Amino acid sequence: TEHWHDATCEHVGKVDKDRAAHIDEDGNKRCDECDYNMAEAVAITIGSVTGGKVTADKTSYKEGDTVTLTIKADTGYTFKSILLGDADKTAEVADGKLTFTAATATTVTAVFEANPIKLGASVKDASGADNADLGTVVFKNSGGYKYGDAVTLVVTPASDYFECTSLKISGSNKDYAVSIKANGEVNLGAVNVENLNVTAVFTETYKDIGITVKGNKLGVTELLAADTEITVRGIASDAPIKTDGDGKITVVKAPIGDTIYVSAAGYLETAVTVT
């Protein structure tokens, strides 16, 4: 409430006898002698926000000062609204700025909203060609996801003869195929991108194969009689398979790339590579 006659705010070279009260005879809240701003300080408080920033052009204000706020959304978010106290001032924001006159203590509340993630998925075979017949990969939340959400996929082979051998998302080299659960779900965790494309590669890992069984005994090669019990090693089931009338057997769900071993009582075991 006091000032130094004919002095700046630093009061350089002044002594106590030069101190005097500010004078405001015209009522403009500025000292008629030194133009000191006599207005009361006004607190402008910016509330905590998620997804963006609101910054003021100064650290302190007095009644009547012009306040300029700069509003900027973070990547993946969009500015939605701003309140000065209870008053919605969203419509007054221009080019990311809001200007108003400081009058009373005010709390600023801004809202930023996460953007929807644009989702895409494709299914390919081992050669890299599109082939939707091999299986599906879908996003568990049919309502979609927003930036920063935890995303879950559901991977389903067309049959148990196929397996998802590669599962990758855009912008990452990580292969999520090893993370597929028994129910087909894969949790990608929080996804901080606005475009998410998933590529699933399905590979045929099993097949049914037909084998004509001939026995080599005493130098004679002949088709085995119908209903001859054949033992096959290297498949999930160890149950004997019987030949049909043409001396053939069908091995169900033989693992591709593996070798299975076929034998019958009294005959040599024969190795067969599943291709």
# chains A, B, ... in the order shown; residues from 1 in each chain; ligands from 1
>>> closest_atom_pairs(of="stretch 33-107 of chain A", to="stretch 185-196 of chain A", cutoff="10 Å", atoms="only C-alpha atoms", output="Markdown table")
| residue | atom | partner | partner_atom | distance |
| --- | --- | --- | --- | --- |
| A:Thr75 | CA | A:Val193 | CA | 8.8 |
| A:Gly76 | CA | A:Glu194 | CA | 6.3 |
| A:Tyr77 | CA | A:Glu194 | CA | 9.5 |
>>> select_by_dssp(residues="stretch 10-244 of chain A", states="strand (DSSP E or B)", output="PyMOL selection string")
chain A and resi 19-21+30+37+41-42+44-46+52-56+61-62+66-73+77-84+87-88+94+97-101+106-114+116+118-124+130+135-139+146+150-157+162-169+185-190+195-204+206-212+214-217+220-223+229-233+241-242
>>> closest_residue(among="A:Tyr36, A:Tyr261, A:Phe112, A:Tyr176", to="A:Ile211", atoms="only C-alpha atoms")
A:Tyr261
>>> closest_residue(among="A:Glu269, A:Asp227, A:Glu163, A:Glu63", to="A:Ile256", atoms="only C-alpha atoms")
A:Glu163
>>> residues_around(residues="A:Ala236", least_positions_apart="3", cutoff="9 Å", atoms="only C-alpha atoms", output="list in words")
Arg233, Lys253 and Ala254 of chain A
>>> closest_residue(among="A:Ile260, A:Leu223, A:Val138, A:Ala265", to="A:Lys248", atoms="only C-alpha atoms")
A:Leu223
>>> closest_atom_pairs(of="stretch 142-174 of chain A", to="stretch 197-208 of chain A", cutoff="9 Å", atoms="only C-alpha atoms", output="tab-separated table")
residue	atom	partner	partner_atom	distance
A:Val155	CA	A:Ala200	CA	8.2
A:Pro157	CA	A:Phe202	CA	7.1
A:Asp160	CA	A:Tyr206	CA	8.0
A:Tyr161	CA	A:Tyr206	CA	4.8
A:Phe162	CA	A:Glu204	CA	4.4
A:Glu163	CA	A:Phe202	CA	5.4
A:Cys164	CA	A:Phe202	CA	4.3
A:Thr165	CA	A:Phe202	CA	5.8
A:Ser166	CA	A:Val201	CA	5.0
A:Leu167	CA	A:Ala200	CA	4.6
A:Lys168	CA	A:Thr199	CA	5.4
A:Ile169	CA	A:Val198	CA	4.5
A:Ser170	CA	A:Asn197	CA	5.3
A:Gly171	CA	A:Asn197	CA	8.9
>>> closest_residue(among="A:Gly135, A:Gly257, A:Gly184, A:Gly96", to="A:Val154", atoms="only C-alpha atoms")
A:Gly184
>>> atom_distance(atom1="atom CA of A:His22", atom2="atom CA of A:Ala43")
23.0 Å
>>> residues_around(residues="stretch 99-109 of chain A", least_positions_apart="5", cutoff="6 Å", atoms="only C-alpha atoms", output="list in words")
Val42, Ala43, Ile44, Thr45, Ile46, Gly47, Glu63, Gly64, Asp65, Thr66, Val67, Thr68, Ile82, Leu83, Leu84 and Gly85 of chain A
>>> write_last_selection(atoms="all heavy atoms", output="short mmCIF file (atom, residue, chain, number, x, y, z; two decimals), in the first residue's frame")
data_model
loop_
_atom_site.label_atom_id
_atom_site.label_comp_id
_atom_site.auth_asym_id
_atom_site.auth_seq_id
_atom_site.Cartn_x
_atom_site.Cartn_y
_atom_site.Cartn_z
N VAL A 42 -5.74 -11.99 -7.68
CA VAL A 42 -6.77 -12.97 -8.01
C VAL A 42 -6.10 -14.31 -8.31
O VAL A 42 -5.19 -14.38 -9.16
CB VAL A 42 -7.60 -12.52 -9.23
CG1 VAL A 42 -8.59 -13.60 -9.63
CG2 VAL A 42 -8.33 -11.22 -8.92
N ALA A 43 -6.52 -15.34 -7.62
CA ALA A 43 -5.93 -16.68 -7.82
C ALA A 43 -6.60 -17.37 -9.01
O ALA A 43 -7.82 -17.53 -9.05
CB ALA A 43 -6.09 -17.52 -6.57
N ILE A 44 -5.79 -17.76 -9.98
CA ILE A 44 -6.27 -18.57 -11.11
C ILE A 44 -5.65 -19.95 -10.95
O ILE A 44 -4.43 -20.12 -11.10
CB ILE A 44 -5.86 -17.94 -12.47
CG1 ILE A 44 -6.35 -16.50 -12.57
CG2 ILE A 44 -6.38 -18.81 -13.62
CD1 ILE A 44 -7.85 -16.34 -12.54
N THR A 45 -6.48 -20.94 -10.65
CA THR A 45 -5.99 -22.29 -10.36
C THR A 45 -6.38 -23.22 -11.49
O THR A 45 -7.56 -23.30 -11.88
CB THR A 45 -6.60 -22.83 -9.05
OG1 THR A 45 -6.29 -21.91 -7.99
CG2 THR A 45 -6.05 -24.21 -8.72
N ILE A 46 -5.40 -23.91 -12.05
CA ILE A 46 -5.66 -24.86 -13.14
C ILE A 46 -5.72 -26.27 -12.54
O ILE A 46 -4.76 -26.75 -11.94
CB ILE A 46 -4.57 -24.78 -14.22
CG1 ILE A 46 -4.56 -23.37 -14.82
CG2 ILE A 46 -4.79 -25.84 -15.30
CD1 ILE A 46 -3.45 -23.12 -15.79
N GLY A 47 -6.88 -26.89 -12.66
CA GLY A 47 -7.08 -28.22 -12.12
C GLY A 47 -6.29 -29.27 -12.90
O GLY A 47 -5.86 -29.03 -14.03
N GLU A 63 -6.89 -8.27 -10.06
CA GLU A 63 -8.22 -7.96 -10.59
C GLU A 63 -8.11 -7.01 -11.78
O GLU A 63 -7.43 -6.00 -11.72
CB GLU A 63 -9.07 -7.34 -9.48
CG GLU A 63 -10.50 -7.04 -9.90
CD GLU A 63 -11.27 -6.35 -8.79
OE1 GLU A 63 -10.71 -6.22 -7.68
OE2 GLU A 63 -12.41 -5.95 -9.04
N GLY A 64 -8.74 -7.40 -12.88
CA GLY A 64 -8.72 -6.58 -14.09
C GLY A 64 -7.67 -7.00 -15.09
O GLY A 64 -7.70 -6.54 -16.25
N ASP A 65 -6.71 -7.85 -14.68
CA ASP A 65 -5.69 -8.33 -15.62
C ASP A 65 -6.32 -9.23 -16.68
O ASP A 65 -7.34 -9.89 -16.46
CB ASP A 65 -4.61 -9.14 -14.89
CG ASP A 65 -3.64 -8.26 -14.12
OD1 ASP A 65 -3.71 -7.02 -14.28
OD2 ASP A 65 -2.82 -8.82 -13.36
N THR A 66 -5.69 -9.26 -17.85
CA THR A 66 -6.10 -10.18 -18.90
C THR A 66 -5.37 -11.50 -18.72
O THR A 66 -4.14 -11.53 -18.59
CB THR A 66 -5.79 -9.61 -20.29
OG1 THR A 66 -6.55 -8.42 -20.48
CG2 THR A 66 -6.14 -10.61 -21.39
N VAL A 67 -6.14 -12.58 -18.69
CA VAL A 67 -5.57 -13.92 -18.53
C VAL A 67 -5.68 -14.65 -19.86
O VAL A 67 -6.75 -14.68 -20.47
CB VAL A 67 -6.33 -14.73 -17.45
CG1 VAL A 67 -5.71 -16.11 -17.29
CG2 VAL A 67 -6.34 -13.98 -16.13
N THR A 68 -4.58 -15.21 -20.31
CA THR A 68 -4.60 -16.01 -21.54
C THR A 68 -4.17 -17.43 -21.21
O THR A 68 -3.07 -17.66 -20.70
CB THR A 68 -3.67 -15.42 -22.61
OG1 THR A 68 -4.09 -14.09 -22.92
CG2 THR A 68 -3.70 -16.27 -23.88
N ILE A 82 -13.93 -26.74 -21.52
CA ILE A 82 -13.21 -26.04 -20.46
C ILE A 82 -14.20 -25.20 -19.67
O ILE A 82 -15.11 -24.57 -20.23
CB ILE A 82 -12.06 -25.17 -21.04
CG1 ILE A 82 -11.18 -24.64 -19.90
CG2 ILE A 82 -12.60 -24.04 -21.90
CD1 ILE A 82 -9.86 -24.06 -20.39
N LEU A 83 -14.06 -25.23 -18.34
CA LEU A 83 -14.91 -24.47 -17.44
C LEU A 83 -14.07 -23.47 -16.66
O LEU A 83 -12.96 -23.78 -16.22
CB LEU A 83 -15.63 -25.39 -16.46
CG LEU A 83 -16.54 -26.48 -17.00
CD1 LEU A 83 -17.11 -27.30 -15.85
CD2 LEU A 83 -17.66 -25.90 -17.83
N LEU A 84 -14.62 -22.28 -16.47
CA LEU A 84 -14.06 -21.32 -15.53
C LEU A 84 -15.03 -21.31 -14.35
O LEU A 84 -16.12 -20.73 -14.44
CB LEU A 84 -13.95 -19.92 -16.14
CG LEU A 84 -13.03 -19.79 -17.37
CD1 LEU A 84 -12.96 -18.33 -17.81
CD2 LEU A 84 -11.64 -20.32 -17.08
N GLY A 85 -14.64 -22.01 -13.29
CA GLY A 85 -15.61 -22.24 -12.23
C GLY A 85 -16.70 -23.16 -12.75
O GLY A 85 -16.42 -24.27 -13.22
#
>>> select_by_dssp(residues="stretch 97-220 of chain A", states="helix (DSSP H, G or I)", output="number ranges by chain")
A: 132-134, 176-179
>>> residues_around(residues="A:Ala114", least_positions_apart="5", cutoff="8 Å", atoms="only C-alpha atoms", output="PyMOL selection string")
chain A and resi 51+76-78+146-148
>>> write_last_selection(atoms="all heavy atoms", output="CSV table (one decimal), in the first residue's frame")
chain,number,residue,atom,x,y,z
A,51,GLY,N,-4.6,-36.2,-20.5
A,51,GLY,CA,-4.7,-36.2,-22.0
A,51,GLY,C,-4.4,-34.8,-22.6
A,51,GLY,O,-4.6,-34.6,-23.8
A,76,GLY,N,-3.1,-38.5,-29.3
A,76,GLY,CA,-4.1,-39.5,-29.1
A,76,GLY,C,-5.4,-39.0,-28.4
A,76,GLY,O,-6.3,-39.7,-28.1
A,77,TYR,N,-5.4,-37.7,-28.1
A,77,TYR,CA,-6.5,-37.1,-27.4
A,77,TYR,C,-7.0,-35.8,-28.1
A,77,TYR,O,-6.3,-35.2,-28.9
A,77,TYR,CB,-6.1,-36.6,-26.0
A,77,TYR,CG,-5.8,-37.8,-25.0
A,77,TYR,CD1,-4.6,-38.5,-25.0
A,77,TYR,CD2,-6.8,-38.2,-24.1
A,77,TYR,CE1,-4.4,-39.6,-24.2
A,77,TYR,CE2,-6.6,-39.3,-23.2
A,77,TYR,CZ,-5.4,-39.9,-23.3
A,77,TYR,OH,-5.2,-41.0,-22.4
A,78,THR,N,-8.3,-35.5,-27.8
A,78,THR,CA,-8.9,-34.3,-28.4
A,78,THR,C,-9.5,-33.4,-27.3
A,78,THR,O,-10.1,-34.0,-26.4
A,78,THR,CB,-10.0,-34.7,-29.4
A,78,THR,OG1,-9.4,-35.5,-30.4
A,78,THR,CG2,-10.7,-33.5,-30.0
A,146,LYS,N,-10.3,-47.1,-27.3
A,146,LYS,CA,-9.8,-45.7,-27.4
A,146,LYS,C,-8.3,-45.7,-27.1
A,146,LYS,O,-7.8,-46.6,-26.5
A,146,LYS,CB,-10.6,-44.8,-26.5
A,146,LYS,CG,-12.0,-44.5,-27.0
A,146,LYS,CD,-12.7,-43.4,-26.1
A,146,LYS,CE,-14.1,-43.1,-26.7
A,146,LYS,NZ,-14.8,-42.1,-25.9
A,147,TYR,N,-7.7,-44.6,-27.5
A,147,TYR,CA,-6.2,-44.5,-27.3
A,147,TYR,C,-5.9,-44.7,-25.8
A,147,TYR,O,-6.5,-44.2,-24.9
A,147,TYR,CB,-5.8,-43.1,-27.7
A,147,TYR,CG,-4.3,-42.8,-27.7
A,147,TYR,CD1,-3.6,-42.9,-28.9
A,147,TYR,CD2,-3.7,-42.4,-26.5
A,147,TYR,CE1,-2.2,-42.7,-28.9
A,147,TYR,CE2,-2.3,-42.1,-26.5
A,147,TYR,CZ,-1.6,-42.3,-27.7
A,147,TYR,OH,-0.3,-42.0,-27.7
A,148,GLY,N,-4.9,-45.6,-25.6
A,148,GLY,CA,-4.5,-46.0,-24.2
A,148,GLY,C,-5.3,-47.1,-23.6
A,148,GLY,O,-4.9,-47.6,-22.5
>>> residues_around(residues="A:Thr212", least_positions_apart="6", cutoff="12 Å", atoms="only C-alpha atoms", output="list in words")
Glu222, Leu223, Leu224, Ala225, Ala226, Ile230, Lys242, Thr243, Asp244, Gly245, Asp246, Gly247, Lys248, Ile249, Thr250, Val251, Val262, Ser263, Thr270 and Val272 of chain A
>>> write_last_selection(atoms="C-alpha atoms", output="tab-separated table (two decimals), in the first residue's frame")
chain	number	residue	atom	x	y	z
A	222	GLU	CA	2.18	-107.90	-50.89
A	223	LEU	CA	-0.76	-105.80	-49.76
A	224	LEU	CA	-1.80	-106.61	-46.27
A	225	ALA	CA	-5.19	-108.21	-45.86
A	226	ALA	CA	-8.19	-106.18	-44.79
A	230	ILE	CA	-1.34	-101.48	-38.04
A	242	LYS	CA	-7.00	-101.42	-39.35
A	243	THR	CA	-6.42	-101.68	-43.07
A	244	ASP	CA	-9.36	-101.43	-45.44
A	245	GLY	CA	-10.12	-103.81	-48.26
A	246	ASP	CA	-7.42	-102.29	-50.45
A	247	GLY	CA	-4.73	-102.65	-47.82
A	248	LYS	CA	-4.82	-98.95	-46.99
A	249	ILE	CA	-4.99	-97.00	-43.76
A	250	THR	CA	-5.86	-93.38	-43.03
A	251	VAL	CA	-3.75	-91.66	-40.40
A	262	VAL	CA	4.12	-97.72	-39.49
A	263	SER	CA	4.36	-101.41	-38.60
A	270	THR	CA	8.55	-98.23	-42.07
A	272	VAL	CA	6.87	-92.04	-43.41
>>> atom_distance(atom1="atom CA of A:Thr231", atom2="atom CA of A:Ala264")
6.1 Å
